[in-house]
>>> print(open('start.txt').read())   # compact mmCIF, C-alpha atoms
# COMPACT_ATOMS: atom_id res chain seq x y z
CA MET H 11 -17.58 23.50 26.33
CA TRP H 12 -15.84 24.96 23.28
CA ASP H 13 -18.50 23.97 20.76
CA TRP H 14 -19.35 27.64 20.25
CA PHE H 15 -15.83 28.37 18.99
CA SER H 16 -16.50 27.52 15.35
CA ILE H 17 -16.60 29.71 12.27
CA GLU H 18 -19.79 27.87 11.23
CA TRP H 19 -21.80 29.94 13.73
CA LEU H 20 -20.83 33.09 11.79
CA SER H 21 -21.93 31.83 8.37
CA TRP H 22 -24.89 33.39 6.62
CA GLN H 23 -26.53 29.98 6.18
CA THR H 24 -26.47 29.35 9.93
CA LEU H 25 -27.86 32.79 10.73
CA ARG H 26 -30.71 32.27 8.26
CA SER H 27 -31.64 28.96 9.88
CA PHE H 28 -32.56 30.62 13.17
CA VAL H 29 -35.88 31.90 14.42
CA TRP H 30 -35.25 35.26 16.12
CA ALA H 31 -37.41 35.66 19.25
CA GLU H 32 -36.53 39.37 19.69
CA ARG H 33 -36.06 40.42 16.09
CA LEU H 34 -36.12 44.14 16.97
CA TYR H 35 -32.55 43.98 18.30
CA LEU H 36 -31.30 43.01 14.83
CA TYR H 37 -32.04 46.57 13.71
CA GLY H 38 -29.47 47.71 16.27
CA ILE H 39 -26.72 46.29 14.04
CA ALA H 40 -27.50 48.97 11.46
CA GLY H 41 -26.85 51.59 14.17
CA VAL H 42 -23.25 50.50 14.83
CA PRO H 43 -21.79 52.85 12.15
CA LEU H 44 -23.67 55.67 13.88
CA LEU H 45 -21.41 55.21 16.92
CA PHE H 46 -18.36 56.14 14.82
CA VAL H 47 -20.12 59.14 13.35
CA LEU H 48 -20.92 60.38 16.85
CA ARG H 49 -17.33 59.71 17.94
CA TRP H 50 -16.04 61.75 15.03
CA LEU H 51 -18.42 64.60 15.83
CA PHE H 52 -17.81 64.83 19.57
CA TYR H 53 -14.23 63.60 19.95
CA ASN H 54 -12.04 64.04 16.89
CA ARG H 55 -13.42 67.45 15.91
CA GLY H 56 -13.03 68.74 19.44
CA GLN H 57 -9.32 67.91 19.67
CA GLN H 58 -6.66 70.60 19.23
CA LYS H 59 -4.66 70.24 16.04
CA LEU H 60 -1.10 71.34 15.34
CA GLY H 61 -0.25 72.44 11.80
CA LEU H 62 3.06 71.17 10.44
CA SER H 63 4.87 71.85 7.18
CA LEU H 64 6.32 68.60 5.78
CA SER H 65 7.79 67.71 2.43
CA LYS H 66 6.10 65.10 0.24
CA PRO H 67 8.61 62.27 0.92
CA GLN H 68 8.04 62.75 4.63
CA LEU H 69 4.27 62.09 4.23
CA LYS H 70 4.67 58.43 3.27
CA THR H 71 2.12 56.18 4.99
CA SER H 72 3.36 53.01 6.70
CA TRP H 73 1.23 49.87 6.87
CA ILE H 74 1.68 49.94 10.64
CA SER H 75 -0.48 53.05 10.80
CA TYR H 76 -3.49 51.00 9.68
CA LEU H 77 -3.27 48.95 12.86
CA ARG H 78 -5.03 51.82 14.62
CA PHE H 79 -8.30 50.58 13.08
CA ILE H 80 -8.10 47.22 14.88
CA PRO H 81 -9.59 48.31 18.27
CA PRO H 82 -12.64 50.09 16.78
CA LEU H 83 -13.18 47.19 14.36
CA LEU H 84 -13.11 44.67 17.22
CA PHE H 85 -15.37 46.90 19.29
CA SER H 86 -17.86 47.09 16.40
CA LEU H 87 -17.90 43.32 16.03
CA GLY H 88 -18.46 42.98 19.77
CA ILE H 89 -21.51 45.29 19.61
CA VAL H 90 -22.85 43.40 16.57
CA PHE H 91 -22.65 40.09 18.41
CA VAL H 92 -24.27 41.61 21.51
CA CYS H 93 -27.21 42.57 19.29
CA LEU H 94 -27.33 39.05 17.82
CA SER H 95 -27.37 37.58 21.32
CA LEU H 96 -30.15 39.93 22.49
CA ALA H 97 -32.22 38.94 19.43
CA ARG H 98 -32.26 35.39 20.87
CA PRO H 99 -31.54 33.05 17.95
CA GLN H 100 -33.53 29.84 18.33
CA ARG H 101 -34.26 26.62 16.53
CA VAL H 102 -37.86 25.49 16.88
CA ARG H 103 -38.99 21.94 16.20
CA GLU H 104 -42.73 21.39 16.04
CA SER H 105 -44.65 18.15 16.23
CA LYS H 106 -48.39 17.88 15.82
CA GLU H 107 -50.79 15.25 17.07
CA GLN H 108 -54.36 15.07 15.81
CA PHE H 109 -57.21 13.64 17.82
CA SER H 110 -60.48 13.20 15.98
CA GLU H 111 -63.91 12.50 17.35
CA GLY H 112 -65.35 10.45 14.51
CA ILE H 113 -68.98 10.12 13.49
CA ASP H 114 -70.72 6.80 12.83
CA ILE H 115 -72.91 6.99 9.73
CA MET H 116 -75.26 4.38 8.26
CA LEU H 117 -76.32 5.07 4.68
CA ALA H 118 -79.59 3.35 3.73
CA MET H 119 -80.19 3.28 -0.02
CA ASP H 120 -83.46 2.36 -1.73
CA ILE H 121 -82.89 -0.14 -4.59
CA SER H 122 -86.54 -0.81 -5.41
CA GLU H 123 -87.80 -0.79 -8.98
CA SER H 124 -89.03 2.80 -8.68
CA MET H 125 -85.39 3.92 -8.20
CA LEU H 126 -84.70 2.95 -11.83
CA ALA H 127 -86.70 5.94 -13.07
CA THR H 128 -84.67 8.10 -15.45
CA ASP H 129 -85.70 11.55 -14.22
CA LEU H 130 -82.14 11.67 -12.82
CA SER H 131 -79.25 10.72 -15.08
CA PRO H 132 -78.71 7.86 -15.86
CA ASN H 133 -81.33 6.82 -13.27
CA ARG H 134 -82.12 7.59 -9.64
CA LEU H 135 -80.15 4.67 -8.23
CA ASP H 136 -76.96 5.29 -10.21
CA ALA H 137 -77.11 9.02 -9.50
CA ALA H 138 -77.40 8.26 -5.78
CA LYS H 139 -74.46 5.84 -5.94
CA ASN H 140 -72.24 8.40 -7.70
CA VAL H 141 -72.97 11.08 -5.12
CA ALA H 142 -72.53 8.61 -2.25
CA ARG H 143 -69.01 7.88 -3.49
CA GLU H 144 -68.17 11.58 -3.39
CA PHE H 145 -69.66 11.81 0.09
CA VAL H 146 -67.50 8.92 1.33
CA LYS H 147 -64.41 10.51 -0.24
CA GLY H 148 -65.01 13.71 1.71
CA ARG H 149 -65.21 12.07 5.15
CA LEU H 150 -62.26 11.94 7.54
CA GLN H 151 -61.86 9.08 10.03
CA ASP H 152 -65.63 8.49 10.19
CA ARG H 153 -67.01 4.98 10.24
CA ILE H 154 -69.59 4.46 7.49
CA GLY H 155 -71.87 1.48 6.90
CA LEU H 156 -74.24 0.62 4.07
CA VAL H 157 -77.80 -0.71 4.05
CA VAL H 158 -79.90 -1.49 0.97
CA PHE H 159 -83.63 -2.01 0.96
CA ALA H 160 -86.62 -2.70 -1.26
CA GLY H 161 -89.46 -4.93 0.03
CA GLU H 162 -87.02 -5.94 2.80
CA SER H 163 -83.67 -4.66 3.98
CA PHE H 164 -80.24 -5.95 4.87
CA SER H 165 -76.84 -4.55 5.73
CA ILE H 166 -74.20 -5.16 3.06
CA CYS H 167 -71.34 -3.31 4.77
CA PRO H 168 -70.78 -2.83 8.52
CA LEU H 169 -69.40 0.38 9.98
CA THR H 170 -65.89 0.79 8.63
CA THR H 171 -63.16 3.31 7.87
CA ASP H 172 -62.02 1.22 4.90
CA TYR H 173 -63.48 3.56 2.29
CA GLU H 174 -62.02 1.58 -0.60
CA MET H 175 -63.98 -1.48 0.46
CA LEU H 176 -67.07 0.66 0.97
CA ASN H 177 -66.81 2.00 -2.59
CA GLN H 178 -66.58 -1.57 -3.89
CA TYR H 179 -69.87 -2.37 -2.17
CA LEU H 180 -71.41 0.77 -3.67
CA ASN H 181 -70.29 -0.36 -7.13
CA GLU H 182 -72.01 -3.73 -6.63
CA ILE H 183 -75.40 -2.28 -5.65
CA ASN H 184 -78.17 -2.95 -8.18
CA SER H 185 -81.92 -3.46 -8.16
CA ASN H 186 -81.56 -7.27 -8.38
CA LEU H 187 -80.00 -7.68 -4.93
CA ILE H 188 -83.46 -7.93 -3.30
CA LYS H 189 -86.21 -9.87 -5.03
CA THR H 190 -89.01 -8.76 -2.72
CA THR H 191 -90.86 -5.87 -4.32
CA GLY H 192 -91.93 -2.71 -2.53
CA THR H 193 -90.19 -0.13 -0.34
CA ALA H 194 -89.75 -0.99 3.36
CA ILE H 195 -88.54 2.30 4.84
CA GLY H 196 -89.30 1.26 8.44
CA SER H 197 -87.30 -1.96 8.06
CA ALA H 198 -84.37 -0.06 6.51
CA LEU H 199 -84.27 2.34 9.42
CA ALA H 200 -84.48 -0.56 11.89
CA THR H 201 -81.46 -2.19 10.23
CA CYS H 202 -79.52 1.06 10.63
CA ILE H 203 -80.52 1.18 14.31
CA ASN H 204 -79.25 -2.38 14.88
CA ARG H 205 -75.85 -1.35 13.51
CA LEU H 206 -75.65 1.87 15.52
CA ARG H 207 -77.32 1.20 18.86
CA GLU H 208 -74.36 -0.57 20.52
CA VAL H 209 -71.79 1.89 19.19
CA PRO H 210 -70.24 4.10 21.93
CA SER H 211 -69.79 7.06 19.55
CA LYS H 212 -71.12 10.46 20.62
CA SER H 213 -72.43 11.18 17.09
CA LYS H 214 -74.58 8.60 15.31
CA VAL H 215 -76.31 9.39 12.04
CA ALA H 216 -78.60 7.52 9.65
CA ILE H 217 -79.08 8.85 6.09
CA LEU H 218 -82.15 7.43 4.37
CA LEU H 219 -82.36 7.84 0.60
CA SER H 220 -85.58 6.80 -1.18
CA ASP H 221 -88.41 7.90 -3.43
CA GLY H 222 -90.42 8.13 -0.20
CA ASP H 223 -93.25 5.70 -0.89
CA ASN H 224 -93.44 3.21 2.03
CA THR H 225 -95.23 0.18 0.59
CA ALA H 226 -93.73 -2.84 2.38
CA GLY H 227 -92.35 -4.10 5.67
CA THR H 228 -93.94 -4.84 9.04
CA LEU H 229 -92.44 -1.92 10.97
CA ASP H 230 -93.99 1.52 10.75
CA PRO H 231 -91.38 4.15 9.75
CA LEU H 232 -92.36 6.55 12.54
CA THR H 233 -92.12 3.78 15.14
CA ALA H 234 -88.61 3.04 13.85
CA THR H 235 -87.84 6.77 14.09
CA ASP H 236 -88.86 6.79 17.78
CA LEU H 237 -86.47 3.88 18.35
CA ALA H 238 -83.67 5.77 16.59
CA LYS H 239 -84.34 8.80 18.76
CA SER H 240 -84.14 6.73 21.96
CA PHE H 241 -80.68 5.48 20.92
CA GLY H 242 -79.46 8.99 20.13
CA ILE H 243 -79.42 8.46 16.36
CA LYS H 244 -80.03 11.48 14.15
CA VAL H 245 -81.94 10.73 10.93
CA TYR H 246 -81.57 12.61 7.64
CA THR H 247 -83.93 11.77 4.78
CA ILE H 248 -83.56 12.45 1.06
CA ALA H 249 -86.46 12.17 -1.38
CA VAL H 250 -85.10 11.41 -4.85
CA GLY H 251 -87.09 12.22 -8.00
CA SER H 252 -88.56 15.07 -10.02
CA ASN H 253 -92.17 14.27 -9.13
CA SER H 254 -93.28 14.06 -12.76
CA GLN H 255 -96.70 12.83 -13.85
CA SER H 256 -95.37 9.31 -14.44
CA GLU H 257 -93.32 9.09 -11.24
CA LYS H 258 -95.05 10.56 -8.19
CA ILE H 259 -92.93 11.07 -5.05
CA ASP H 260 -94.38 10.63 -1.54
CA GLU H 261 -92.54 13.20 0.60
CA ASN H 262 -94.77 13.10 3.68
CA THR H 263 -93.28 10.00 5.28
CA LEU H 264 -89.70 11.14 4.79
CA ARG H 265 -90.52 14.62 6.12
CA GLU H 266 -92.05 13.15 9.28
CA ILE H 267 -89.07 10.82 9.82
CA ALA H 268 -86.59 13.70 9.57
CA LYS H 269 -88.68 15.89 11.86
CA GLU H 270 -89.06 13.23 14.56
CA GLY H 271 -85.46 12.04 14.11
CA ASN H 272 -83.88 15.46 14.89
CA GLY H 273 -82.45 15.58 11.37
CA GLN H 274 -83.42 17.33 8.16
CA PHE H 275 -85.42 16.49 5.08
CA PHE H 276 -84.00 17.16 1.60
CA ARG H 277 -85.52 16.97 -1.84
CA ALA H 278 -83.33 15.99 -4.82
CA THR H 279 -84.97 16.75 -8.16
CA ASP H 280 -81.81 16.46 -10.29
CA ASN H 281 -78.21 15.28 -10.09
CA GLN H 282 -76.75 18.61 -9.01
CA THR H 283 -79.32 19.07 -6.25
CA LEU H 284 -78.56 15.59 -4.95
CA LYS H 285 -74.84 16.41 -4.90
CA ASN H 286 -75.52 19.67 -3.04
CA ILE H 287 -77.60 17.81 -0.45
CA PHE H 288 -74.75 15.44 0.41
CA GLU H 289 -72.35 18.39 0.60
CA GLN H 290 -74.71 20.08 3.03
CA ILE H 291 -74.96 16.95 5.20
CA ASN H 292 -71.16 16.76 5.06
CA ARG H 293 -70.96 20.27 6.53
CA LEU H 294 -73.61 19.58 9.17
CA GLU H 295 -71.96 16.37 10.37
CA LYS H 296 -68.31 17.39 10.30
CA VAL H 297 -65.75 15.41 12.23
CA LYS H 298 -64.24 17.30 15.17
CA ILE H 299 -60.44 17.39 15.04
CA LYS H 300 -58.28 18.63 17.90
CA ASP H 301 -54.65 19.54 17.23
CA ASN H 302 -52.01 19.30 19.94
CA VAL H 303 -48.86 21.13 18.90
CA TYR H 304 -45.61 20.48 20.75
CA ARG H 305 -42.77 22.99 20.36
CA ASP H 306 -39.18 22.13 21.21
CA VAL H 307 -37.27 25.42 21.45
CA GLU H 308 -33.47 25.52 21.71
CA ASP H 309 -31.73 28.85 22.41
CA PHE H 310 -28.35 29.78 20.91
CA TYR H 311 -27.92 33.30 22.33
CA TYR H 312 -24.96 32.15 24.47
CA ILE H 313 -22.98 31.32 21.30
CA TYR H 314 -23.04 34.93 20.13
CA LEU H 315 -22.66 36.29 23.65
CA ASN H 316 -19.39 34.36 23.92
CA TRP H 317 -18.22 35.80 20.61
CA ALA H 318 -19.20 39.29 21.77
CA VAL H 319 -17.11 38.90 24.94
CA VAL H 320 -14.12 37.71 22.88
CA PHE H 321 -14.27 40.70 20.52
CA LEU H 322 -14.83 43.25 23.29
CA LEU H 323 -11.95 41.88 25.38
CA ALA H 324 -9.72 41.89 22.29
CA ALA H 325 -10.69 45.51 21.57
CA PHE H 326 -9.90 46.48 25.19
CA PHE H 327 -6.55 44.67 25.00
CA PHE H 328 -5.41 46.32 21.78
CA LYS H 329 -6.65 49.69 22.99
CA ASN H 330 -4.16 49.48 25.85
CA THR H 331 -1.18 48.57 23.68
CA PHE H 332 0.98 50.73 21.44
CA ILE H 333 -1.68 50.36 18.71
CA GLY H 334 -4.13 52.46 20.67
CA ASN H 335 -1.83 54.72 22.66
CA ILE H 336 0.72 55.78 20.07
CA LEU H 337 -0.79 55.40 16.60
CA GLU H 338 -4.20 56.77 17.47
CA ASP H 339 -3.56 59.46 20.11
>>> encode(input="start.txt", output="structure tokens")
Amino acid sequence: MWDWFSIEWLSWQTLRSFVWAERLYLYGIAGVPLLFVLRWLFYNRGQQKLGLSLSKPQLKTSWISYLRFIPPLLFSLGIVFVCLSLARPQRVRESKEQFSEGIDIMLAMDISESMLATDLSPNRLDAAKNVAREFVKGRLQDRIGLVVFAGESFSICPLTTDYEMLNQYLNEINSNLIKTTGTAIGSALATCINRLREVPSKSKVAILLSDGDNTAGTLDPLTATDLAKSFGIKVYTIAVGSNSQSEKIDENTLREIAKEGNGQFFRATDNQTLKNIFEQINRLEKVKIKDNVYRDVEDFYYIYLNWAVVFLLAAFFFKNTFIGNILED
């Protein structure tokens, strides 16, 4: 009940800790001296004055005479604390909960012999691995899986949010993992579909990275694309290579896959372009995050209202004693 009656509530540190809901009333404190100016103008100057001739020893000032300032001082403090109370000092505690709607992504990477071409530095495969690591680093609460393919395909990492483990798998990728020669794009896409089809996620994406020349496998890439479409899987394709005289790139298949798979086709002719492509896919397939903010607001206006009542009652009391009636009037 008496927790408000503490000098701590009047300290500058306590006042600074508050959030003021009606800050405008704080400016009213600066107007308190104006009340005394108006009182001087309309009250003191209007009173009749009697001139007296007194000797210097008779003009000595007693300390009791200064007691006449107590009522106006208490009244001023009362008005100040009324303003503080009207400004509604509060303490606000916020807590935030994040709900994310993750995306399931399967990254299919070509590791055939043609990916060892050095038109990208140090070669196409290593450049793709480096950019893939950056892509994984930029994701938030998405599940990502990894498929490698050459003449056949297999999944080396299931859908996971353990990005450290995923990066370890990326580090271990090399062209010797699959002995069968060729590039089985249709089989790679089918492996991605097998990983994604039973997933209840609203957003499912397959990213196919290759030099684009489908030379192996028993499943036609466009047939695999139709299957992906039926399972609600969006397919992005990236053709890697500069298309030099020695290393021709077949873009047609990858373009058709992206078109039929409701995705986009990209062409990476150098390391920077490849990095930009993954950044663009990162923006297109951004995880949706919803923030729920809870605010716990505690008001402390009553503290300063109590102090205001105390000061105003004290001012009224002293005004009706000898301090106000004899020394002032």
>>> closest_residue(input="start.txt", among="H:Ser165, H:Gln274, H:Thr171, H:Ser86", to="Ile248 of chain H", atoms="all atoms listed in the file")
H:Gln274
>>> residues_around(input="start.txt", residues="Phe159 of chain H", least_positions_apart="4", cutoff="12 Å", atoms="all atoms listed in the file", output="MDAnalysis selection string")
chainID H and resid 117:123 125 135 163:166 183:202 218:221 224:227
>>> closest_atom_pairs(input="start.txt", of="segment 81-119 of chain H", to="segment 205-215 of chain H", cutoff="7 Å", atoms="only C-alpha atoms", output="JSON lines")
{"residue": "H:Ile113", "atom": "CA", "partner": "H:Ser213", "partner_atom": "CA", "distance": 5.1}
{"residue": "H:Asp114", "atom": "CA", "partner": "H:Lys214", "partner_atom": "CA", "distance": 4.9}
{"residue": "H:Ile115", "atom": "CA", "partner": "H:Val215", "partner_atom": "CA", "distance": 4.8}
{"residue": "H:Met116", "atom": "CA", "partner": "H:Val215", "partner_atom": "CA", "distance": 6.4}
>>> closest_residue(input="start.txt", among="H:Thr247, H:Thr233, H:Gln290, H:Asn330", to="Gly148 of chain H", atoms="only C-alpha atoms")
H:Gln290
>>> atom_distance(input="start.txt", atom1="atom CA of Val158 of chain H", atom2="atom CA of Tyr173 of chain H")
17.2 Å
>>> atom_distance(input="start.txt", atom1="atom CA of Gln23 of chain H", atom2="atom CA of Pro43 of chain H")
24.1 Å
>>> closest_residue(input="start.txt", among="H:Phe327, H:Tyr37, H:Phe46, H:Tyr304", to="Cys93 of chain H", atoms="all atoms listed in the file")
H:Tyr37
>>> atom_distance(input="start.txt", atom1="atom CA of Leu84 of chain H", atom2="atom CA of Gln100 of chain H")
25.3 Å
>>> decode(input="start.txt", residues="segment 122-190 of chain H", atoms="C-alpha atoms", output="CSV table (one decimal), in the first residue's frame")
chain,number,residue,atom,x,y,z
H,122,SER,CA,30.4,-35.3,-64.7
H,123,GLU,CA,33.7,-34.9,-66.4
H,124,SER,CA,32.6,-31.9,-68.4
H,125,MET,CA,32.2,-30.0,-65.1
H,126,LEU,CA,36.0,-30.0,-64.7
H,127,ALA,CA,36.4,-27.5,-67.5
H,128,THR,CA,38.4,-24.5,-66.4
H,129,ASP,CA,36.4,-21.7,-68.1
H,130,LEU,CA,35.3,-20.9,-64.5
H,131,SER,CA,37.9,-20.6,-61.8
H,132,PRO,CA,39.4,-23.1,-60.7
H,133,ASN,CA,36.8,-25.2,-62.6
H,134,ARG,CA,33.1,-25.4,-63.1
H,135,LEU,CA,32.5,-27.9,-60.3
H,136,ASP,CA,34.5,-26.1,-57.6
H,137,ALA,CA,33.1,-22.7,-58.6
H,138,ALA,CA,29.6,-24.2,-58.2
H,139,LYS,CA,30.5,-25.7,-54.8
H,140,ASN,CA,31.8,-22.4,-53.5
H,141,VAL,CA,28.7,-20.5,-54.5
H,142,ALA,CA,26.5,-23.2,-53.1
H,143,ARG,CA,28.1,-22.8,-49.7
H,144,GLU,CA,27.3,-19.1,-49.8
H,145,PHE,CA,23.7,-19.9,-50.8
H,146,VAL,CA,23.3,-22.3,-47.8
H,147,LYS,CA,24.8,-19.7,-45.5
H,148,GLY,CA,22.1,-17.2,-46.6
H,149,ARG,CA,19.1,-19.4,-45.9
H,150,LEU,CA,17.1,-19.2,-42.7
H,151,GLN,CA,15.3,-22.3,-41.3
H,152,ASP,CA,14.9,-23.8,-44.8
H,153,ARG,CA,15.5,-27.5,-45.2
H,154,ILE,CA,18.1,-28.2,-48.0
H,155,GLY,CA,19.1,-31.5,-49.5
H,156,LEU,CA,21.9,-32.4,-52.0
H,157,VAL,CA,21.9,-34.6,-55.1
H,158,VAL,CA,24.8,-35.3,-57.3
H,159,PHE,CA,24.7,-36.8,-60.8
H,160,ALA,CA,26.7,-37.8,-63.8
H,161,GLY,CA,25.7,-40.9,-65.8
H,162,GLU,CA,23.4,-41.7,-62.9
H,163,SER,CA,22.3,-39.9,-59.8
H,164,PHE,CA,22.0,-40.4,-56.1
H,165,SER,CA,21.1,-38.3,-53.0
H,166,ILE,CA,24.1,-37.7,-50.7
H,167,CYS,CA,22.2,-35.5,-48.2
H,168,PRO,CA,18.5,-35.6,-47.2
H,169,LEU,CA,16.5,-32.5,-46.5
H,170,THR,CA,18.1,-30.9,-43.4
H,171,THR,CA,18.5,-27.7,-41.5
H,172,ASP,CA,21.9,-28.8,-40.3
H,173,TYR,CA,23.9,-26.5,-42.6
H,174,GLU,CA,27.2,-27.4,-41.1
H,175,MET,CA,26.7,-31.1,-42.1
H,176,LEU,CA,25.5,-29.9,-45.5
H,177,ASN,CA,28.7,-27.9,-46.0
H,178,GLN,CA,30.7,-31.0,-45.1
H,179,TYR,CA,28.9,-33.0,-47.9
H,180,LEU,CA,29.6,-30.1,-50.3
H,181,ASN,CA,33.3,-30.3,-49.4
H,182,GLU,CA,33.4,-34.0,-50.2
H,183,ILE,CA,31.8,-33.7,-53.7
H,184,ASN,CA,34.2,-34.6,-56.5
H,185,SER,CA,34.0,-36.0,-60.0
H,186,ASN,CA,35.0,-39.5,-58.8
H,187,LEU,CA,31.9,-40.1,-56.7
H,188,ILE,CA,30.1,-41.6,-59.8
H,189,LYS,CA,31.9,-43.8,-62.2
H,190,THR,CA,29.2,-43.9,-64.8
